[in-house]
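Undergrad: The structure file data_12.tsv (TSV, C-alpha atoms) is provided below.
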chain	number	residue	atom	x	y	z
A	1	MET	CA	49.83	109.88	172.29
A	2	TYR	CA	49.14	106.12	171.98
A	3	LYS	CA	45.76	107.05	170.56
A	4	SER	CA	47.50	108.81	167.67
A	5	PHE	CA	49.73	105.74	167.25
A	6	ALA	CA	46.55	103.70	166.84
A	7	ALA	CA	45.23	106.07	164.16
A	8	VAL	CA	48.58	105.97	162.29
A	9	THR	CA	48.51	102.17	162.44
A	10	GLY	CA	45.10	102.24	160.81
A	11	MET	CA	46.40	104.48	158.04
A	12	LEU	CA	49.23	102.03	157.38
A	13	VAL	CA	46.67	99.19	157.34
A	14	ALA	CA	44.82	101.00	154.55
A	15	ILE	CA	48.00	101.26	152.45
A	16	MET	CA	48.88	97.64	153.22
A	17	VAL	CA	45.40	96.42	152.21
A	18	LEU	CA	45.66	98.37	148.95
A	19	GLY	CA	49.04	96.80	148.16
A	20	ASN	CA	47.92	93.30	149.13
A	21	GLY	CA	44.81	93.65	147.00
A	22	ILE	CA	46.92	94.48	143.94
A	23	LEU	CA	49.30	91.60	144.71
A	24	THR	CA	46.37	89.18	145.02
A	25	GLU	CA	45.09	90.21	141.58
A	26	TYR	CA	48.47	89.36	140.10
A	27	ILE	CA	49.44	86.10	141.81
A	28	GLY	CA	46.31	84.80	143.54
A	29	ASN	CA	45.20	84.45	147.12
A	30	THR	CA	47.41	81.99	148.97
A	31	PRO	CA	50.61	82.90	147.10
A	32	SER	CA	50.09	86.54	148.03
A	33	VAL	CA	49.68	85.66	151.73
A	34	VAL	CA	52.93	83.64	151.53
A	35	PHE	CA	54.64	86.54	149.74
A	36	VAL	CA	53.49	89.19	152.22
A	37	ASN	CA	54.49	87.15	155.28
A	38	GLY	CA	57.77	86.11	153.63
A	39	THR	CA	58.84	89.64	152.70
A	40	GLY	CA	57.76	90.87	156.14
A	41	LEU	CA	59.90	88.17	157.75
A	42	ILE	CA	62.92	89.04	155.62
A	43	CYS	CA	62.58	92.77	156.48
A	44	MET	CA	62.23	91.89	160.14
A	45	ILE	CA	65.31	89.62	160.17
A	46	ILE	CA	67.30	92.48	158.59
A	47	ILE	CA	66.02	94.91	161.25
A	48	VAL	CA	66.87	92.53	164.09
A	49	VAL	CA	70.38	91.90	162.72
A	50	VAL	CA	71.13	95.57	161.93
A	51	THR	CA	69.91	96.86	165.31
A	52	LYS	CA	71.78	94.00	167.04
A	53	GLU	CA	68.64	93.04	168.92
A	54	LYS	CA	69.18	89.97	171.10
A	55	TRP	CA	67.41	86.80	169.95
A	56	GLN	CA	65.10	85.70	172.71
A	57	SER	CA	64.16	82.20	173.74
A	58	ILE	CA	60.47	81.40	173.44
A	59	LYS	CA	60.72	78.62	176.02
A	60	GLY	CA	57.93	78.62	178.57
A	61	ILE	CA	55.69	81.05	176.67
A	62	HIS	CA	52.17	79.77	176.08
A	63	PHE	CA	52.01	78.32	172.56
A	64	PHE	CA	48.89	80.33	171.73
A	65	TYR	CA	50.73	83.64	172.07
A	66	LEU	CA	53.18	82.58	169.33
A	67	LEU	CA	50.40	82.21	166.77
A	68	GLY	CA	49.56	85.87	166.09
A	69	GLY	CA	50.59	85.41	162.45
A	70	VAL	CA	48.28	82.40	162.04
A	71	THR	CA	45.39	84.43	163.47
A	72	GLY	CA	46.24	87.06	160.86
A	73	ILE	CA	45.86	84.43	158.11
A	74	VAL	CA	42.50	83.37	159.58
A	75	THR	CA	41.45	87.02	159.24
A	76	VAL	CA	42.41	87.11	155.55
A	77	TYR	CA	40.54	83.92	154.62
A	78	ALA	CA	37.46	84.62	156.73
A	79	THR	CA	37.28	88.07	155.09
A	80	ASN	CA	37.50	86.52	151.61
A	81	VAL	CA	34.77	83.96	152.29
A	82	SER	CA	32.54	86.58	153.85
A	83	PHE	CA	33.11	89.13	151.07
A	84	LEU	CA	32.15	86.63	148.38
A	85	ALA	CA	29.04	85.41	150.19
A	86	LEU	CA	27.73	88.55	151.87
A	87	GLY	CA	29.33	91.54	150.17
A	88	ALA	CA	31.41	94.34	151.61
A	89	THR	CA	28.85	96.21	153.71
A	90	VAL	CA	27.42	93.24	155.61
A	91	THR	CA	30.92	91.85	156.17
A	92	LEU	CA	32.08	95.15	157.60
A	93	MET	CA	29.00	95.59	159.77
A	94	ILE	CA	29.09	92.15	161.38
A	95	SER	CA	32.88	92.17	161.75
A	96	MET	CA	32.66	95.50	163.57
A	97	VAL	CA	30.15	93.95	165.98
A	98	GLY	CA	32.65	91.11	166.49
A	99	ARG	CA	35.46	93.59	167.10
A	100	ILE	CA	33.51	95.71	169.57
A	101	VAL	CA	32.17	92.76	171.57
A	102	THR	CA	35.53	90.94	171.70
A	103	SER	CA	37.40	94.11	172.69
A	104	THR	CA	34.88	95.07	175.38
A	105	VAL	CA	34.88	91.57	176.90
A	106	ILE	CA	38.69	91.33	177.01
A	107	ASP	CA	38.90	94.88	178.42
A	108	HIS	CA	36.29	94.16	181.09
A	109	TYR	CA	37.74	90.89	182.40
A	110	GLY	CA	41.36	91.63	181.59
A	111	LEU	CA	41.46	88.29	179.76
A	112	MET	CA	44.82	86.76	178.81
A	113	GLY	CA	46.57	89.01	181.29
A	114	MET	CA	45.64	92.28	179.58
A	115	ASP	CA	44.98	95.45	181.63
A	116	LYS	CA	41.46	95.68	183.05
A	117	TYR	CA	39.14	98.48	181.93
A	118	PRO	CA	35.82	97.57	183.56
A	119	PHE	CA	32.63	98.04	181.59
A	120	ARG	CA	30.34	100.69	183.07
A	121	PRO	CA	26.78	101.52	182.02
A	122	ALA	CA	27.88	105.04	181.08
A	123	LYS	CA	30.14	103.53	178.41
A	124	LEU	CA	27.03	102.51	176.50
A	125	ILE	CA	26.72	106.19	175.57
A	126	GLY	CA	30.19	106.20	174.00
A	127	LEU	CA	29.51	102.87	172.28
A	128	GLY	CA	26.21	104.25	170.99
A	129	ILE	CA	27.94	107.30	169.50
A	130	MET	CA	30.54	105.00	167.86
A	131	ALA	CA	27.76	102.75	166.50
A	132	ALA	CA	25.99	105.80	165.06
A	133	GLY	CA	29.25	106.82	163.37
A	134	LEU	CA	29.74	103.31	161.97
A	135	LEU	CA	26.20	103.20	160.60
A	136	LEU	CA	26.69	106.57	158.95
A	137	ILE	CA	29.91	105.31	157.35
A	138	MET	CA	28.32	102.11	156.08
A	139	LEU	CA	25.27	103.85	154.65
A	140	ASN	CA	27.43	106.28	152.68
B	141	MET	CA	25.72	80.03	159.24
B	142	ILE	CA	27.72	82.07	156.77
B	143	TYR	CA	27.38	84.98	159.22
B	144	VAL	CA	29.93	83.24	161.45
B	145	PHE	CA	32.70	84.27	159.04
B	146	PRO	CA	32.48	88.06	159.45
B	147	LEU	CA	32.19	87.49	163.21
B	148	ILE	CA	35.39	85.43	163.07
B	149	VAL	CA	37.02	88.31	161.16
B	150	GLY	CA	36.19	90.76	163.95
B	151	CYS	CA	37.33	88.43	166.74
B	152	ALA	CA	40.52	87.41	164.95
B	153	ILE	CA	41.63	91.01	164.35
B	154	VAL	CA	41.36	91.71	168.08
B	155	LEU	CA	42.82	88.35	169.11
B	156	ALA	CA	45.94	88.75	166.96
B	157	MET	CA	46.67	92.09	168.64
B	158	VAL	CA	46.26	90.58	172.11
B	159	GLN	CA	48.45	87.57	171.26
B	160	ASN	CA	51.23	89.84	170.02
B	161	GLY	CA	50.77	92.20	172.95
B	162	ARG	CA	51.32	89.36	175.43
B	163	LEU	CA	54.21	87.89	173.42
B	164	ALA	CA	55.95	91.29	173.42
B	165	ASP	CA	55.79	91.32	177.23
B	166	TYR	CA	57.96	88.19	177.25
B	167	ILE	CA	60.46	88.74	174.45
B	168	GLY	CA	60.27	92.42	173.42
B	169	LEU	CA	58.79	94.15	170.42
B	170	LYS	CA	61.18	93.22	167.62
B	171	ASN	CA	61.31	89.56	168.53
B	172	CYS	CA	57.54	89.58	168.83
B	173	THR	CA	57.07	90.93	165.31
B	174	LEU	CA	59.62	88.41	164.09
B	175	ILE	CA	57.71	85.49	165.64
B	176	ASN	CA	54.47	86.89	164.21
B	177	PHE	CA	55.87	86.68	160.68
B	178	ILE	CA	57.52	83.30	161.27
B	179	SER	CA	54.18	81.79	162.32
B	180	GLY	CA	52.49	83.67	159.47
B	181	VAL	CA	54.81	82.41	156.75
B	182	THR	CA	54.73	78.87	158.16
B	183	GLY	CA	50.93	78.78	158.26
B	184	ALA	CA	50.61	80.31	154.80
B	185	SER	CA	53.13	77.89	153.28
B	186	ILE	CA	51.28	74.90	154.74
B	187	LEU	CA	48.04	76.27	153.26
B	188	PHE	CA	49.75	76.79	149.92
B	189	ILE	CA	50.90	73.17	149.85
B	190	ILE	CA	47.49	71.83	150.93
B	191	THR	CA	45.37	73.93	148.55
B	192	LYS	CA	47.80	73.50	145.64
B	193	GLU	CA	46.65	76.91	144.43
B	194	SER	CA	48.46	77.67	141.19
B	195	LEU	CA	50.26	80.95	140.65
B	196	ILE	CA	47.88	82.76	138.34
B	197	SER	CA	49.45	85.04	135.76
B	198	PHE	CA	52.83	84.72	137.40
B	199	THR	CA	54.40	85.97	134.18
B	200	GLN	CA	52.88	89.42	134.69
B	201	PHE	CA	54.50	89.72	138.11
B	202	GLY	CA	56.94	92.23	136.66
B	203	ASP	CA	54.26	94.71	135.59
B	204	MET	CA	52.93	95.05	139.11
B	205	PRO	CA	52.88	98.54	140.67
B	206	VAL	CA	55.55	98.90	143.38
B	207	ILE	CA	52.92	99.14	146.14
B	208	GLY	CA	52.03	95.48	145.49
B	209	TYR	CA	55.45	94.40	146.73
B	210	LEU	CA	55.32	96.46	149.92
B	211	GLY	CA	52.53	94.71	151.88
B	212	GLY	CA	54.99	92.83	154.07
B	213	PHE	CA	57.10	95.95	154.63
B	214	PHE	CA	54.07	97.94	155.82
B	215	GLY	CA	52.99	94.85	157.74
B	216	ILE	CA	55.96	95.01	160.09
B	217	PHE	CA	55.04	98.57	161.11
B	218	VAL	CA	51.38	97.63	161.47
B	219	VAL	CA	52.20	94.66	163.72
B	220	THR	CA	54.79	96.52	165.81
B	221	LEU	CA	52.68	99.66	166.28
B	222	SER	CA	49.49	97.78	167.12
B	223	THR	CA	51.46	95.71	169.65
B	224	ILE	CA	52.73	98.88	171.36
B	225	VAL	CA	49.27	100.42	171.36
B	226	VAL	CA	47.31	97.43	172.65
B	227	ASN	CA	49.50	97.17	175.75
B	228	ARG	CA	49.01	100.84	176.63
B	229	ILE	CA	45.35	101.77	176.00
B	230	PRO	CA	42.05	99.83	176.16
B	231	ILE	CA	41.61	97.36	173.31
B	232	ILE	CA	38.30	98.93	172.28
B	233	THR	CA	40.09	102.29	171.91
B	234	SER	CA	42.86	100.69	169.85
B	235	THR	CA	40.52	98.88	167.47
B	236	MET	CA	38.14	101.80	166.95
B	237	LEU	CA	40.90	104.35	166.34
B	238	MET	CA	42.74	101.95	164.03
B	239	TYR	CA	39.56	101.54	162.05
B	240	THR	CA	39.09	105.32	161.91
B	241	GLY	CA	42.67	105.82	160.70
B	242	GLN	CA	42.12	103.16	158.03
B	243	LEU	CA	38.97	104.90	156.91
B	244	VAL	CA	40.56	108.35	156.78
B	245	MET	CA	43.38	106.95	154.66
B	246	GLY	CA	40.78	105.26	152.45
B	247	ILE	CA	38.99	108.59	152.01
B	248	LEU	CA	42.31	110.28	151.13
B	249	ILE	CA	43.15	107.55	148.60
B	250	ASP	CA	39.68	107.92	147.08
B	251	TYR	CA	40.10	111.68	146.96
B	252	TYR	CA	43.37	111.43	145.05
B	253	SER	CA	41.84	108.93	142.65
B	254	ALA	CA	39.21	111.62	141.91
B	255	THR	CA	36.30	110.08	143.80
B	256	PRO	CA	34.27	112.87	145.43
B	257	LEU	CA	34.56	113.20	149.23
B	258	SER	CA	31.73	111.65	151.20
B	259	LEU	CA	30.53	113.96	153.96
B	260	GLY	CA	28.70	111.10	155.71
B	261	LYS	CA	31.94	109.12	156.09
B	262	ILE	CA	33.76	112.11	157.52
B	263	VAL	CA	30.98	112.81	160.03
B	264	GLY	CA	30.98	109.08	160.90
B	265	CYS	CA	34.74	109.22	161.67
B	266	VAL	CA	34.22	112.26	163.88
B	267	LEU	CA	31.42	110.46	165.77
B	268	ILE	CA	33.65	107.42	166.38
B	269	ILE	CA	36.39	109.67	167.77
B	270	ILE	CA	33.87	111.45	170.05
B	271	GLY	CA	32.61	108.08	171.33
B	272	VAL	CA	36.18	106.86	171.98
B	273	TYR	CA	37.08	110.01	173.91
B	274	PHE	CA	33.84	109.91	175.89
B	275	ASN	CA	34.58	106.37	177.08
B	276	SER	CA	38.19	107.09	177.95
B	277	TYR	CA	36.90	110.10	179.94
B	278	ILE	CA	34.75	107.63	181.90
B	279	ASP	CA	37.75	105.34	182.45
B	280	LYS	CA	39.75	108.30	183.74
B	281	LYS	CA	36.96	109.56	185.98
B	282	HIS	CA	36.67	106.17	187.68
B	283	ALA	CA	40.44	105.77	187.90
B	284	THR	CA	40.78	109.09	189.78
B	285	GLN	CA	37.81	108.18	191.98
B	286	VAL	CA	39.57	105.00	193.04
B	287	LEU	CA	42.71	107.03	193.76
B	288	VAL	CA	40.78	109.56	195.84
B	289	GLU	CA	39.11	106.76	197.82
B	290	GLN	CA	42.44	105.08	198.45
B	291	LYS	CA	43.91	108.40	199.52
B	292	SER	CA	41.09	109.17	201.95
B	293	GLU	CA	41.39	105.67	203.43
B	294	PHE	CA	45.08	106.33	203.84
B	295	GLU	CA	44.35	109.64	205.58
B	296	ASP	CA	41.78	107.99	207.84
B	297	ALA	CA	44.33	105.42	208.83
B	298	ASN	CA	46.86	108.19	209.45
B	299	SER	CA	44.54	110.24	211.66
B	300	ALA	CA	43.57	107.09	213.54
B	301	SER	CA	47.19	106.29	214.25
B	302	ASN	CA	47.75	109.93	215.24
B	303	MET	CA	44.93	109.66	217.76
B	304	ILE	CA	46.49	106.56	219.23
B	305	ASN	CA	49.77	108.45	219.51
B	306	TYR	CA	48.04	111.25	221.36
Represent the structure of the file as structure tokens.
TA:
Amino acid sequence: MYKSFAAVTGMLVAIMVLGNGILTEYIGNTPSVVFVNGTGLICMIIIVVVTKEKWQSIKGIHFFYLLGGVTGIVTVYATNVSFLALGATVTLMISMVGRIVTSTVIDHYGLMGMDKYPFRPAKLIGLGIMAAGLLLIMLN
Amino acid sequence: MIYVFPLIVGCAIVLAMVQNGRLADYIGLKNCTLINFISGVTGASILFIITKESLISFTQFGDMPVIGYLGGFFGIFVVTLSTIVVNRIPIITSTMLMYTGQLVMGILIDYYSATPLSLGKIVGCVLIIIGVYFNSYIDKKHATQVLVEQKSEFEDANSASNMINY
């Protein structure tokens, strides 16, 4: 069930990327990031007010956990730099390596208080199949 | 050196999900998404002021297709859903399936803009899904093994205490 949620999220990402790409063509890079985050914030404030969700204090929470949005911006700019210098395919390939390694390490050690899913040698088979799939996608 | 940037992309995508996942544990989903966009808009505004990037062709803003305005709206669902997912299943599963979903949607968009379907991409997606399911099968197998071991230890302890009772 959560696996299908993940796939749906990806589909929404594709639509979002399409929209943001068009926006960037019209108003430029940084303004579009401001616009996207601003409109998202406005929508979210409306949702919180309408659903009467309680505002929560962020006292005592590690500062780093509050910066998810900033990490998102880092993603946007690093992608832009990489796209211009290396092209789409190389960017995608290396970023997928980054994703897989980071995910596997956090899963294995349960870093930052996440659930632990220990790495086992047999998982190399699954990772190999995924890598084959990725290669096939990038070569096509 | 330039190769650091795509690596940063990959790490940052995962890291943002983990940050939000942890934040949601403290303050709940909606507040978490809210904070995500507050930090996003703050960071972006600071960048905007520093880079002094001008608004190119701002006058044409009105001609833009509707989808261009909806990035933030879709963003709230992306952030909220990925936060739910990352706290429930392994991060590698979340990232790989998200990527597959993104690709499938990309293929659909291509298809409707009259680009021919690429068989290789479809087979690639299927392979990723097989790999993901194979590894979650391994996670499950080991999880039940641990349970069985715990159970048998429990039974050993029980029979031992029974013997003492006899």
Undergrad: Residues at most 8 Å from A:Phe64, counting all atoms listed in the file, excluding those fewer than 3 positions away in the same chain, as a PyMOL selection string?
TA: (chain A and resi 67-68) or (chain B and resi 159)
Undergrad: Show which residues sit within 9 Å of stretch 215-229 of chain B, as a ChimeraX atom specification. Count all atoms listed in the file, and ignore same-chain residues fewer than 2 positions away.
TA: /A:2-3,5-6,8-10,12-13,16,36-37,40-41,43-44,114-115 /B:157-162,164-165,169-170,172-174,176-177,210-213,231-235,238
Undergrad: Measure the distance from atom CA of B:Ser258 to atom CA of B:Val206 in Å and round it to one decimal.
TA: 28.1 Å
Undergrad: Between atom CA of B:Leu237 and atom CA of A:Ile47, what is the distance in Å, rounded to a tenth?
TA: 27.3 Å
Undergrad: Residues near stretch 269-286 of chain B, anyone? I mean within 9 Å using only C-alpha atoms, not counting same-chain ones fewer than 3 positions away, as a ChimeraX atom specification.
TA: /A:117-120,122-131,133 /B:230,232-233,236-237,240,264-266,289-291
Undergrad: How would the residues just chosen look if you wrote them out with C-alpha atoms as a PDB file, in the coordinates of the input?
TA:
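And here is the file that came out, part_7.pdb:
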ATOM      1  CA  TYR A 117      39.140  98.480 181.930  1.00  0.00           C
ATOM      2  CA  PRO A 118      35.820  97.570 183.560  1.00  0.00           C
ATOM      3  CA  PHE A 119      32.630  98.040 181.590  1.00  0.00           C
ATOM      4  CA  ARG A 120      30.340 100.690 183.070  1.00  0.00           C
ATOM      5  CA  ALA A 122      27.880 105.040 181.080  1.00  0.00           C
ATOM      6  CA  LYS A 123      30.140 103.530 178.410  1.00  0.00           C
ATOM      7  CA  LEU A 124      27.030 102.510 176.500  1.00  0.00           C
ATOM      8  CA  ILE A 125      26.720 106.190 175.570  1.00  0.00           C
ATOM      9  CA  GLY A 126      30.190 106.200 174.000  1.00  0.00           C
ATOM     10  CA  LEU A 127      29.510 102.870 172.280  1.00  0.00           C
ATOM     11  CA  GLY A 128      26.210 104.250 170.990  1.00  0.00           C
ATOM     12  CA  ILE A 129      27.940 107.300 169.500  1.00  0.00           C
ATOM     13  CA  MET A 130      30.540 105.000 167.860  1.00  0.00           C
ATOM     14  CA  ALA A 131      27.760 102.750 166.500  1.00  0.00           C
ATOM     15  CA  GLY A 133      29.250 106.820 163.370  1.00  0.00           C
TER      16      GLY A 133
ATOM     17  CA  PRO B 230      42.050  99.830 176.160  1.00  0.00           C
ATOM     18  CA  ILE B 232      38.300  98.930 172.280  1.00  0.00           C
ATOM     19  CA  THR B 233      40.090 102.290 171.910  1.00  0.00           C
ATOM     20  CA  MET B 236      38.140 101.800 166.950  1.00  0.00           C
ATOM     21  CA  LEU B 237      40.900 104.350 166.340  1.00  0.00           C
ATOM     22  CA  THR B 240      39.090 105.320 161.910  1.00  0.00           C
ATOM     23  CA  GLY B 264      30.980 109.080 160.900  1.00  0.00           C
ATOM     24  CA  CYS B 265      34.740 109.220 161.670  1.00  0.00           C
ATOM     25  CA  VAL B 266      34.220 112.260 163.880  1.00  0.00           C
ATOM     26  CA  GLU B 289      39.110 106.760 197.820  1.00  0.00           C
ATOM     27  CA  GLN B 290      42.440 105.080 198.450  1.00  0.00           C
ATOM     28  CA  LYS B 291      43.910 108.400 199.520  1.00  0.00           C
TER      29      LYS B 291
END
Undergrad: Just how far from atom CA of A:Ile42 is atom CA of A:Tyr26, in Å to one decimal?
TA: 21.2 Å
Undergrad: List the spatial neighbours of A:Leu86 as a ChimeraX atom specification - criterion: any atom at most 9 Å away, only C-alpha atoms, same-chain residues fewer than 5 positions off excluded.
TA: /A:81,91 /B:142-143,146
Undergrad: Please check which residues have atoms at most 9 Å from (35.1, 96.9, 163.5) in the file's coordinates, counting all atoms listed in the file, and write them as a list in words.
TA: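 The distance filter leaves exactly Leu92, Met93, Ile94, Ser95, Met96, Val97, Gly98, Arg99, Ile100 and Leu134 of chain A; Gly150, Ile153, Thr235, Met236 and Tyr239 of chain B.
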Undergrad: Around all the atoms of stretch 279-286 of chain B listed in the file, draw an axis-aligned box and extend it by 6 Å on each of the six sides; I want its centre and edge lengths in Å to one decimal, as JSON.
TA:
{"center_x": 38.7, "center_y": 107.3, "center_z": 187.7, "size_x": 16.1, "size_y": 16.6, "size_z": 22.6}
Undergrad: Quick one: residues within 7 Å of A:Thr30, all atoms listed in the file counted, chain neighbours fewer than 2 positions away excluded, as a ChimeraX atom specification?
TA: /A:28,32-34 /B:184,188,193
Undergrad: Those residues with C-alpha atoms, as a compact mmCIF listing (two decimals), in the frame of the given file please?
TA:
# COMPACT_ATOMS: atom_id res chain seq x y z
CA GLY A 28 46.31 84.80 143.54
CA SER A 32 50.09 86.54 148.03
CA VAL A 33 49.68 85.66 151.73
CA VAL A 34 52.93 83.64 151.53
CA ALA B 184 50.61 80.31 154.80
CA PHE B 188 49.75 76.79 149.92
CA GLU B 193 46.65 76.91 144.43
Undergrad: Could you check which residues have any atom within 9 Å of (31.7, 111.2, 148.0), counting only C-alpha atoms with coordinates taken straight from the file, and then list them as a list of chain:residue names?
TA: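 Answer for this query, in the requested form: A:Asn140, B:Ile247, B:Asp250, B:Tyr251, B:Thr255, B:Pro256, B:Leu257, B:Ser258, B:Leu259, B:Gly260, B:Lys261.
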Undergrad: Nearest residue to chain B out of A:Lys116, A:Lys59, A:Gly87, A:Ala14, using only C-alpha atoms?
TA: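 When distances to chain B are compared using only C-alpha atoms, the smallest one comes from A:Ala14.
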Undergrad: Between A:Ile58, A:Ile15, A:Ala7, A:Leu23, which one has atoms that come closest to B:Ile167, using only C-alpha atoms?
TA: A:Ile58
Undergrad: With distances taken over all atoms listed in the file, which residue among B:Val149, B:Leu163, B:Ile175, B:Leu248 lies nearest A:Ile73?
TA: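 Distance minimum relative to A:Ile73 lands on B:Val149.
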Undergrad: Determine the nearest neighbour of chain A from the options B:Met141, B:Ile207, B:Val288, B:Ile249, counting all atoms listed in the file.
TA: B:Ile207
Undergrad: Could you please fill out stretch 248-266 of chain B with N, CA and C atoms and send it back as a PDB file, in the frame of the given file?
TA:
ATOM      1  N   LEU B 248      41.242 109.529 151.809  1.00  0.00           N
ATOM      2  CA  LEU B 248      42.310 110.280 151.130  1.00  0.00           C
ATOM      3  C   LEU B 248      42.674 109.622 149.798  1.00  0.00           C
ATOM      4  N   ILE B 249      42.805 108.271 149.828  1.00  0.00           N
ATOM      5  CA  ILE B 249      43.150 107.550 148.600  1.00  0.00           C
ATOM      6  C   ILE B 249      42.062 107.771 147.543  1.00  0.00           C
ATOM      7  N   ASP B 250      40.804 107.661 147.982  1.00  0.00           N
ATOM      8  CA  ASP B 250      39.680 107.920 147.080  1.00  0.00           C
ATOM      9  C   ASP B 250      39.761 109.324 146.484  1.00  0.00           C
ATOM     10  N   TYR B 251      40.058 110.279 147.366  1.00  0.00           N
ATOM     11  CA  TYR B 251      40.100 111.680 146.960  1.00  0.00           C
ATOM     12  C   TYR B 251      41.138 111.886 145.864  1.00  0.00           C
ATOM     13  N   TYR B 252      42.306 111.254 146.046  1.00  0.00           N
ATOM     14  CA  TYR B 252      43.370 111.430 145.050  1.00  0.00           C
ATOM     15  C   TYR B 252      43.134 110.605 143.799  1.00  0.00           C
ATOM     16  N   SER B 253      42.214 109.605 143.895  1.00  0.00           N
ATOM     17  CA  SER B 253      41.840 108.930 142.650  1.00  0.00           C
ATOM     18  C   SER B 253      40.530 109.518 142.133  1.00  0.00           C
ATOM     19  N   ALA B 254      40.290 110.795 142.494  1.00  0.00           N
ATOM     20  CA  ALA B 254      39.210 111.620 141.910  1.00  0.00           C
ATOM     21  C   ALA B 254      37.805 111.143 142.232  1.00  0.00           C
ATOM     22  N   THR B 255      37.646 110.377 143.329  1.00  0.00           N
ATOM     23  CA  THR B 255      36.300 110.080 143.800  1.00  0.00           C
ATOM     24  C   THR B 255      35.881 111.220 144.725  1.00  0.00           C
ATOM     25  N   PRO B 256      34.643 111.733 144.575  1.00  0.00           N
ATOM     26  CA  PRO B 256      34.270 112.870 145.430  1.00  0.00           C
ATOM     27  C   PRO B 256      34.252 112.478 146.909  1.00  0.00           C
ATOM     28  N   LEU B 257      34.565 113.435 147.787  1.00  0.00           N
ATOM     29  CA  LEU B 257      34.560 113.200 149.230  1.00  0.00           C
ATOM     30  C   LEU B 257      33.150 112.887 149.704  1.00  0.00           C
ATOM     31  N   SER B 258      33.041 111.949 150.644  1.00  0.00           N
ATOM     32  CA  SER B 258      31.730 111.650 151.200  1.00  0.00           C
ATOM     33  C   SER B 258      31.614 112.289 152.575  1.00  0.00           C
ATOM     34  N   LEU B 259      30.701 113.235 152.697  1.00  0.00           N
ATOM     35  CA  LEU B 259      30.530 113.960 153.960  1.00  0.00           C
ATOM     36  C   LEU B 259      30.094 113.002 155.068  1.00  0.00           C
ATOM     37  N   GLY B 260      29.186 112.057 154.727  1.00  0.00           N
ATOM     38  CA  GLY B 260      28.700 111.100 155.710  1.00  0.00           C
ATOM     39  C   GLY B 260      29.832 110.325 156.362  1.00  0.00           C
ATOM     40  N   LYS B 261      30.812 109.882 155.554  1.00  0.00           N
ATOM     41  CA  LYS B 261      31.940 109.120 156.090  1.00  0.00           C
ATOM     42  C   LYS B 261      32.763 109.964 157.051  1.00  0.00           C
ATOM     43  N   ILE B 262      32.964 111.232 156.672  1.00  0.00           N
ATOM     44  CA  ILE B 262      33.760 112.110 157.520  1.00  0.00           C
ATOM     45  C   ILE B 262      33.063 112.335 158.858  1.00  0.00           C
ATOM     46  N   VAL B 263      31.745 112.625 158.798  1.00  0.00           N
ATOM     47  CA  VAL B 263      30.980 112.810 160.030  1.00  0.00           C
ATOM     48  C   VAL B 263      31.017 111.527 160.870  1.00  0.00           C
ATOM     49  N   GLY B 264      30.902 110.374 160.201  1.00  0.00           N
ATOM     50  CA  GLY B 264      30.980 109.080 160.900  1.00  0.00           C
ATOM     51  C   GLY B 264      32.286 108.937 161.664  1.00  0.00           C
ATOM     52  N   CYS B 265      33.419 109.274 161.011  1.00  0.00           N
ATOM     53  CA  CYS B 265      34.740 109.220 161.670  1.00  0.00           C
ATOM     54  C   CYS B 265      34.758 110.106 162.902  1.00  0.00           C
ATOM     55  N   VAL B 266      34.226 111.321 162.754  1.00  0.00           N
ATOM     56  CA  VAL B 266      34.220 112.260 163.880  1.00  0.00           C
ATOM     57  C   VAL B 266      33.406 111.681 165.046  1.00  0.00           C
TER      58      VAL B 266
END
